[in-house]
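The data block below is start-v9.pdb; it holds PDB, C-alpha atoms and all ligand atoms.
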ATOM      1  CA  MET V1104      92.372  83.518  65.721
ATOM      2  CA  ARG V1105      90.201  80.529  64.836
ATOM      3  CA  LEU V1106      89.444  78.074  67.636
ATOM      4  CA  ASP V1107      91.084  75.097  65.864
ATOM      5  CA  GLN V1108      94.233  77.178  65.335
ATOM      6  CA  TYR V1109      94.263  78.239  68.970
ATOM      7  CA  ILE V1110      94.041  74.600  70.094
ATOM      8  CA  ALA V1111      96.780  73.514  67.690
ATOM      9  CA  ASN V1112      99.020  76.329  68.969
ATOM     10  CA  SER V1113      98.392  75.628  72.620
ATOM     11  CA  SER V1114      98.427  71.802  72.736
ATOM     12  CA  GLU V1115     100.093  68.805  71.143
ATOM     13  CA  LEU V1116      97.112  68.347  68.784
ATOM     14  CA  SER V1117      97.310  68.961  65.043
ATOM     15  CA  ARG V1118      94.767  71.311  63.494
ATOM     16  CA  LYS V1119      92.858  68.263  62.189
ATOM     17  CA  ASP V1120      92.801  66.668  65.653
ATOM     18  CA  ALA V1121      91.760  70.014  67.078
ATOM     19  CA  ARG V1122      88.732  70.065  64.768
ATOM     20  CA  ARG V1123      87.898  66.528  65.880
ATOM     21  CA  VAL V1124      87.857  67.381  69.585
ATOM     22  CA  ILE V1125      85.822  70.508  68.865
ATOM     23  CA  MET V1126      83.209  68.509  66.907
ATOM     24  CA  GLY V1127      83.221  65.928  69.696
ATOM     25  CA  GLY V1128      81.995  68.610  72.116
ATOM     26  CA  ARG V1129      85.125  68.489  74.265
ATOM     27  CA  VAL V1130      85.985  72.181  73.962
ATOM     28  CA  SER V1131      84.499  75.109  75.830
ATOM     29  CA  VAL V1132      85.035  78.836  75.360
ATOM     30  CA  ASN V1133      84.457  80.971  78.455
ATOM     31  CA  GLY V1134      82.477  78.185  80.089
ATOM     32  CA  ALA V1135      80.173  77.395  77.132
ATOM     33  CA  ARG V1136      80.675  74.367  74.873
ATOM     34  CA  CYS V1137      81.712  75.398  71.380
ATOM     35  CA  LYS V1138      81.411  73.082  68.395
ATOM     36  CA  SER V1139      82.568  75.512  65.732
ATOM     37  CA  ALA V1140      86.201  75.240  64.642
ATOM     38  CA  ARG V1141      85.790  78.595  62.900
ATOM     39  CA  ALA V1142      84.758  80.447  66.064
ATOM     40  CA  HIS V1143      86.998  83.410  66.705
ATOM     41  CA  VAL V1144      88.801  83.518  70.021
ATOM     42  CA  GLY V1145      91.193  86.069  71.448
ATOM     43  CA  GLU V1146      93.657  86.577  74.238
ATOM     44  CA  ARG V1147      90.965  87.321  76.808
ATOM     45  CA  ASP V1148      89.052  84.068  76.198
ATOM     46  CA  GLU V1149      89.347  80.991  78.374
ATOM     47  CA  ILE V1150      89.617  77.862  76.237
ATOM     48  CA  MET V1151      89.227  74.465  77.921
ATOM     49  CA  LEU V1152      89.756  71.020  76.414
ATOM     50  CA  ASP V1153      87.903  68.626  78.723
ATOM     51  CA  ASP V1154      89.031  70.045  82.086
ATOM     52  CA  ARG V1155      92.371  71.343  80.856
ATOM     53  CA  LEU V1156      92.940  75.068  80.374
ATOM     54  CA  LEU V1157      94.796  75.747  77.113
ATOM     55  CA  THR V1158      97.221  78.638  77.102
ATOM     56  CA  LEU V1159      99.271  79.890  74.214
ATOM     57  CA  PRO V1160     103.017  79.493  74.593
ATOM     58  CA  GLY V1161     104.920  82.504  75.807
ATOM     59  CA  ASP V1162     104.684  84.571  78.939
ATOM     60  CA  LEU V1163     101.506  85.015  80.926
ATOM     61  CA  TYR V1164     100.209  88.415  81.999
ATOM     62  CA  LEU V1165      97.085  88.622  84.153
ATOM     63  CA  MET V1166      95.123  91.145  86.170
ATOM     64  CA  MET V1167      93.030  90.101  89.154
ATOM     65  CA  ASN V1168      90.500  91.942  91.279
ATOM     66  CA  LYS V1169      91.947  90.880  94.613
ATOM     67  CA  PRO V1170      89.280  90.254  97.218
ATOM     68  CA  VAL V1171      89.656  91.179 100.876
ATOM     69  CA  GLY V1172      91.182  88.490 103.112
ATOM     70  CA  VAL V1173      93.487  87.057 100.454
ATOM     71  CA  ILE V1174      97.229  87.492 100.831
ATOM     72  CA  SER V1175      99.633  88.536  98.079
ATOM     73  CA  ALA V1176     101.939  85.540  98.353
ATOM     74  CA  THR V1177     102.748  82.507  96.286
ATOM     75  CA  THR V1178     101.969  79.929  98.956
ATOM     76  CA  ASP V1179     100.824  80.015 102.529
ATOM     77  CA  SER V1180      99.792  76.972 104.462
ATOM     78  CA  SER V1181      97.215  78.716 106.622
ATOM     79  CA  GLN V1182      95.746  81.572 104.573
ATOM     80  CA  PRO V1183      94.276  81.801 101.065
ATOM     81  CA  THR V1184      96.619  83.443  98.551
ATOM     82  CA  ALA V1185      95.897  85.268  95.298
ATOM     83  CA  LEU V1186      97.473  82.368  93.426
ATOM     84  CA  ASP V1187      94.964  79.959  94.998
ATOM     85  CA  LEU V1188      92.297  81.805  93.000
ATOM     86  CA  LEU V1189      93.841  80.762  89.671
ATOM     87  CA  PRO V1190      93.599  77.359  88.001
ATOM     88  CA  ALA V1191      96.744  75.293  88.632
ATOM     89  CA  ASP V1192      97.739  75.515  84.939
ATOM     90  CA  LEU V1193      98.164  79.259  85.402
ATOM     91  CA  SER V1194      99.207  79.594  89.047
ATOM     92  CA  ARG V1195     102.224  77.359  88.633
ATOM     93  CA  HIS V1196     103.727  79.810  86.122
ATOM     94  CA  VAL V1197     103.080  83.243  87.603
ATOM     95  CA  HIS V1198     104.222  85.504  90.414
ATOM     96  CA  ILE V1199     102.784  88.768  91.754
ATOM     97  CA  ALA V1200     104.046  92.111  90.445
ATOM     98  CA  GLY V1201     103.347  94.556  93.279
ATOM     99  CA  ARG V1202     101.752  93.228  96.438
ATOM    100  CA  LEU V1203      98.663  94.453  98.276
ATOM    101  CA  ASP V1204      97.906  94.123 101.981
ATOM    102  CA  LYS V1205      95.512  91.373 103.040
ATOM    103  CA  ASP V1206      92.737  93.889 103.676
ATOM    104  CA  THR V1207      93.363  95.867 100.445
ATOM    105  CA  THR V1208      91.285  95.021  97.367
ATOM    106  CA  GLY V1209      91.600  95.723  93.658
ATOM    107  CA  LEU V1210      94.147  95.583  90.891
ATOM    108  CA  LEU V1211      96.804  92.902  91.242
ATOM    109  CA  LEU V1212      99.127  92.055  88.357
ATOM    110  CA  LEU V1213     100.481  88.536  87.920
ATOM    111  CA  THR V1214     102.985  87.382  85.334
ATOM    112  CA  SER V1215     105.524  84.724  84.397
ATOM    113  CA  ASP V1216     107.809  87.431  82.971
ATOM    114  CA  GLY V1217     110.377  88.436  85.588
ATOM    115  CA  GLN V1218     111.720  91.357  83.579
ATOM    116  CA  TRP V1219     108.252  92.800  83.102
ATOM    117  CA  SER V1220     107.373  92.551  86.799
ATOM    118  CA  HIS V1221     110.680  94.191  87.637
ATOM    119  CA  LEU V1222     109.713  97.128  85.413
ATOM    120  CA  VAL V1223     106.306  97.374  87.137
ATOM    121  CA  THR V1224     107.803  97.471  90.614
ATOM    122  CA  SER V1225     111.163  99.134  90.007
ATOM    123  CA  PRO V1226     111.559 102.353  92.048
ATOM    124  CA  ARG V1227     113.520 103.723  89.071
ATOM    125  CA  ARG V1228     110.343 103.849  86.982
ATOM    126  CA  ASP V1229     108.249 105.752  89.514
ATOM    127  CA  CYS V1230     105.178 103.995  88.098
ATOM    128  CA  PRO V1231     102.052 105.862  89.345
ATOM    129  CA  LYS V1232      99.503 103.797  91.270
ATOM    130  CA  THR V1233      96.029 105.047  92.068
ATOM    131  CA  TYR V1234      94.093 103.951  95.155
ATOM    132  CA  ARG V1235      90.555 104.695  96.259
ATOM    133  CA  VAL V1236      90.793 105.408  99.954
ATOM    134  CA  GLN V1237      87.994 105.401 102.535
ATOM    135  CA  LEU V1238      88.965 107.584 105.469
ATOM    136  CA  ALA V1239      87.942 107.535 109.114
ATOM    137  CA  GLU V1240      87.875 111.356 109.250
ATOM    138  CA  PRO V1241      87.179 114.069 106.643
ATOM    139  CA  LEU V1242      90.420 115.031 104.895
ATOM    140  CA  ALA V1243      91.414 118.479 106.122
ATOM    141  CA  PRO V1244      92.736 120.945 103.482
ATOM    142  CA  GLU V1245      96.127 121.137 105.282
ATOM    143  CA  ALA V1246      96.380 117.339 105.261
ATOM    144  CA  ARG V1247      95.627 117.290 101.543
ATOM    145  CA  GLY V1248      98.373 119.878 101.018
ATOM    146  CA  GLN V1249     100.847 117.760 102.966
ATOM    147  CA  LEU V1250     100.059 114.659 100.882
ATOM    148  CA  GLU V1251     100.453 116.635  97.682
ATOM    149  CA  HIS V1252     103.683 118.197  98.832
ATOM    150  CA  GLY V1253     105.354 115.078 100.288
ATOM    151  CA  ILE V1254     105.645 113.967 103.904
ATOM    152  CA  LEU V1255     108.349 112.438 106.017
ATOM    153  CA  LEU V1256     107.052 109.070 107.212
ATOM    154  CA  LYS V1257     108.092 107.598 110.542
ATOM    155  CA  ASP V1258     111.512 105.893 110.280
ATOM    156  CA  ALA V1259     112.048 107.213 106.723
ATOM    157  CA  SER V1260     115.094 109.207 105.644
ATOM    158  CA  LYS V1261     113.444 111.190 102.857
ATOM    159  CA  PRO V1262     109.927 112.505 102.257
ATOM    160  CA  THR V1263     107.422 110.807  99.994
ATOM    161  CA  LEU V1264     107.218 112.059  96.405
ATOM    162  CA  PRO V1265     104.336 114.488  95.790
ATOM    163  CA  ALA V1266     101.023 112.622  95.542
ATOM    164  CA  LYS V1267      97.899 113.547  93.597
ATOM    165  CA  VAL V1268      94.676 113.812  95.588
ATOM    166  CA  THR V1269      91.192 113.811  94.046
ATOM    167  CA  MET V1270      88.406 114.472  96.538
ATOM    168  CA  ARG V1271      85.366 112.256  95.888
ATOM    169  CA  SER V1272      83.734 113.230  99.165
ATOM    170  CA  GLN V1273      84.981 114.414 102.552
ATOM    171  CA  LYS V1274      85.945 110.887 103.543
ATOM    172  CA  GLU V1275      86.695 109.299 100.167
ATOM    173  CA  ILE V1276      89.686 110.222  98.010
ATOM    174  CA  ASP V1277      91.602 108.895  95.021
ATOM    175  CA  LEU V1278      95.284 109.027  95.825
ATOM    176  CA  THR V1279      98.005 108.568  93.191
ATOM    177  CA  ILE V1280     101.496 107.792  94.428
ATOM    178  CA  SER V1281     104.642 106.983  92.484
ATOM    179  CA  GLU V1282     106.458 104.865  95.033
ATOM    180  CA  GLY V1283     105.770 101.519  96.634
ATOM    181  CA  ARG V1284     106.973 101.804 100.200
ATOM    182  CA  TYR V1285     105.749  99.361 102.813
ATOM    183  CA  HIS V1286     102.099 100.129 103.762
ATOM    184  CA  GLN V1287     102.663 103.471 102.070
ATOM    185  CA  VAL V1288      99.087 104.735 101.748
ATOM    186  CA  LYS V1289      98.125 103.767 105.285
ATOM    187  CA  ARG V1290     101.288 105.354 106.668
ATOM    188  CA  MET V1291     100.806 108.557 104.666
ATOM    189  CA  LEU V1292      97.276 108.997 105.959
ATOM    190  CA  ALA V1293      98.347 108.149 109.516
ATOM    191  CA  ALA V1294     101.097 110.793 109.203
ATOM    192  CA  VAL V1295      98.473 113.479 108.537
ATOM    193  CA  GLY V1296      96.356 112.382 111.512
ATOM    194  CA  ASN V1297      93.792 110.298 109.639
ATOM    195  CA  HIS V1298      93.152 106.557 109.315
ATOM    196  CA  VAL V1299      92.505 104.334 106.295
ATOM    197  CA  GLU V1300      89.315 102.318 106.665
ATOM    198  CA  GLY V1301      89.204 100.883 103.151
ATOM    199  CA  LEU V1302      91.777 100.666 100.376
ATOM    200  CA  HIS V1303      91.213  99.604  96.770
ATOM    201  CA  ARG V1304      93.802  99.811  93.965
ATOM    202  CA  LEU V1305      92.316 101.168  90.742
ATOM    203  CA  GLN V1306      95.291 101.585  88.447
ATOM    204  CA  ILE V1307      98.990 100.835  87.927
ATOM    205  CA  GLY V1308     100.567 103.014  85.232
ATOM    206  CA  ALA V1309      98.268 102.795  82.196
ATOM    207  CA  ILE V1310      96.644  99.538  83.389
ATOM    208  CA  ALA V1311      93.238 100.135  85.003
ATOM    209  CA  LEU V1312      91.280  97.502  86.895
ATOM    210  CA  ASP V1313      88.663  96.080  84.524
ATOM    211  CA  PRO V1314      85.265  96.997  86.034
ATOM    212  CA  ALA V1315      83.844  93.735  84.636
ATOM    213  CA  LEU V1316      85.974  91.722  87.072
ATOM    214  CA  ALA V1317      84.147  90.780  90.281
ATOM    215  CA  PRO V1318      86.295  90.246  93.386
ATOM    216  CA  GLY V1319      88.401  87.106  92.846
ATOM    217  CA  GLN V1320      88.071  87.157  89.058
ATOM    218  CA  TYR V1321      90.977  87.598  86.667
ATOM    219  CA  ARG V1322      91.661  88.046  82.982
ATOM    220  CA  ARG V1323      94.642  88.103  80.645
ATOM    221  CA  LEU V1324      96.138  91.498  79.880
ATOM    222  CA  THR V1325      95.783  92.806  76.345
ATOM    223  CA  GLU V1326      98.848  93.410  74.161
ATOM    224  CA  GLU V1327      98.355  97.121  74.689
ATOM    225  CA  GLU V1328      98.320  96.760  78.475
ATOM    226  CA  ILE V1329     101.421  94.535  78.419
ATOM    227  CA  ASN V1330     103.287  96.917  76.124
ATOM    228  CA  SER V1331     102.359  99.965  78.213
ATOM    229  CA  VAL V1332     105.054  98.897  80.685
ATOM    230  CA  THR V1333     108.302 100.066  79.151
ATOM    231  CA  ASP V1334     111.883 100.533  80.262
ATOM    232  CA  PRO V1335     112.649 104.251  80.712
ATOM    233  CA  ALA V1336     116.359 103.659  79.892
TER
HETATM  234  N1  LIG V1401      99.529 101.053 100.563
HETATM  235  C1  LIG V1401      99.118 100.391 101.658
HETATM  236  O1  LIG V1401      99.176 100.914 102.764
HETATM  237  N2  LIG V1401      98.627  99.152 101.496
HETATM  238  C2  LIG V1401      98.511  98.540 100.299
HETATM  239  O2  LIG V1401      98.035  97.406 100.204
HETATM  240  C3  LIG V1401      98.941  99.254  99.164
HETATM  241  C4  LIG V1401      99.445 100.512  99.322
END

Please express what this file holds, its structure, as structure tokens.
Amino acid sequence: MRLDQYIANSSELSRKDARRVIMGGRVSVNGARCKSARAHVGERDEIMLDDRLLTLPGDLYLMMNKPVGVISATTDSSQPTALDLLPADLSRHVHIAGRLDKDTTGLLLLTSDGQWSHLVTSPRRDCPKTYRVQLAEPLAPEARGQLEHGILLKDASKPTLPAKVTMRSQKEIDLTISEGRYHQVKRMLAAVGNHVEGLHRLQIGAIALDPALAPGQYRRLTEEEINSVTDPA
């Protein structure tokens, strides 16, 4: 949509006022000042009026490349959280759909839409999640078989669902699991006598981490990504 339309839709300004603030050099698109009301902007662009981030009404859907050392919580007085990495205009509206451990990096989804996040995390949907895993020891063929077959974790009443293993090297695998049990990947690898040294989430369902996002960066999800999460019922 045109920049003046975007501003009119996302603020109290009329289209005419929007053109005025654009001409006055008060608007930036992705960090660069933009003086053209006709410039085309889309859902992935970051539009600022002075130092205010303008967002279109409706729910927010974001992906972040979570860095190491950041916790997946809304607030914490002593440790940095994923929400601290967002501007306040966004962080006040969103929650995390599917947590990662503090030392795990990669794809984190954040949204203001409670129903959508429920669909992402619901055990009923068995949404596949792919992790790149750095291992302490080479993965033995029997261990791979156990992961692919399903294993009974300590203190669990039923085995894990079959996982998919792609060997990238002896000590690096891509592991796809369809559940979200507590510390699941680390516990699965521990159960086969190995140890996770690095864990990075690459994909949740059809939503893949955007390789253009450096650790700590985020972007809005596209319509296609948002709509890829559907209710199986
Ligand atoms: N499994 C884990 O063990 N940790 C994570 O952060 C995600 C999946």

*Can you pull out every residue within 7 Å of Asn1168 in chain V, counting all atoms listed in the file, but drop anything in the same chain fewer than 5 positions away, and send it as a PyMOL selection string?*
chain V and resi 1208-1211+1316-1321

For ligand LIG 1401 (chain V), what centre and edge lengths in Å (one decimal) does the axis-aligned box get once 3 Å is added on each side of all its listed atoms, as lines of an AutoDock Vina configuration file?
center_x = 98.8
center_y = 99.2
center_z = 101.0
size_x = 7.5
size_y = 9.6
size_z = 9.6

Can you write out as CSV which residues of chain V fall within 6 Å of ligand LIG 1401 (chain V), alongside each residue's closest atom pair and its distance in Å to one decimal, counting all atoms listed in the file and ordering rows by chain and ascending residue number?
residue,atom,partner,partner_atom,distance
V:Leu1203,CA,V:LIG1401,O2,3.6
V:Asp1204,CA,V:LIG1401,O2,3.7
V:Thr1207,CA,V:LIG1401,O2,4.9
V:His1286,CA,V:LIG1401,O1,3.2
V:Gln1287,CA,V:LIG1401,N1,4.2
V:Val1288,CA,V:LIG1401,N1,3.9
V:Lys1289,CA,V:LIG1401,O1,3.9

*Determine the residue membership of the PyMOL selection byres (((chain V and resi 1280) around 6) and not hetatm) for the file above and supply it as a list of chain:residue names.*
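Applied to this file, the PyMOL selection byres (((chain V and resi 1280) around 6) and not hetatm) selects V:Pro1231, V:Lys1232, V:Ala1266, V:Thr1279, V:Ser1281, V:Glu1282.
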
*For the point (99.1, 115.4, 102.0) in the file's frame, write as a PyMOL selection string all residues with an atom no more than 12 Å away, counting only C-alpha atoms.*
chain V and resi 1242-1256+1262-1269+1276+1278-1280+1288+1290-1297

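When you apply the PyMOL selection byres (((chain V and resi 1128-1136) around 9) and not hetatm) to this structure, what comes back is V:Leu1106, V:Arg1123, V:Val1124, V:Ile1125, V:Met1126, V:Gly1127, V:Cys1137, V:Lys1138, V:Val1144, V:Asp1148, V:Glu1149, V:Ile1150, V:Met1151, V:Leu1152, V:Asp1153, V:Asp1154.
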
_the PyMOL selection byres (((chain V and resi 1107-1119) around 6) and not hetatm) - which residues does that actually catch in the file I just gave you? List them as a ChimeraX atom specification._
/V:1105-1106,1120-1122,1140,1157-1159
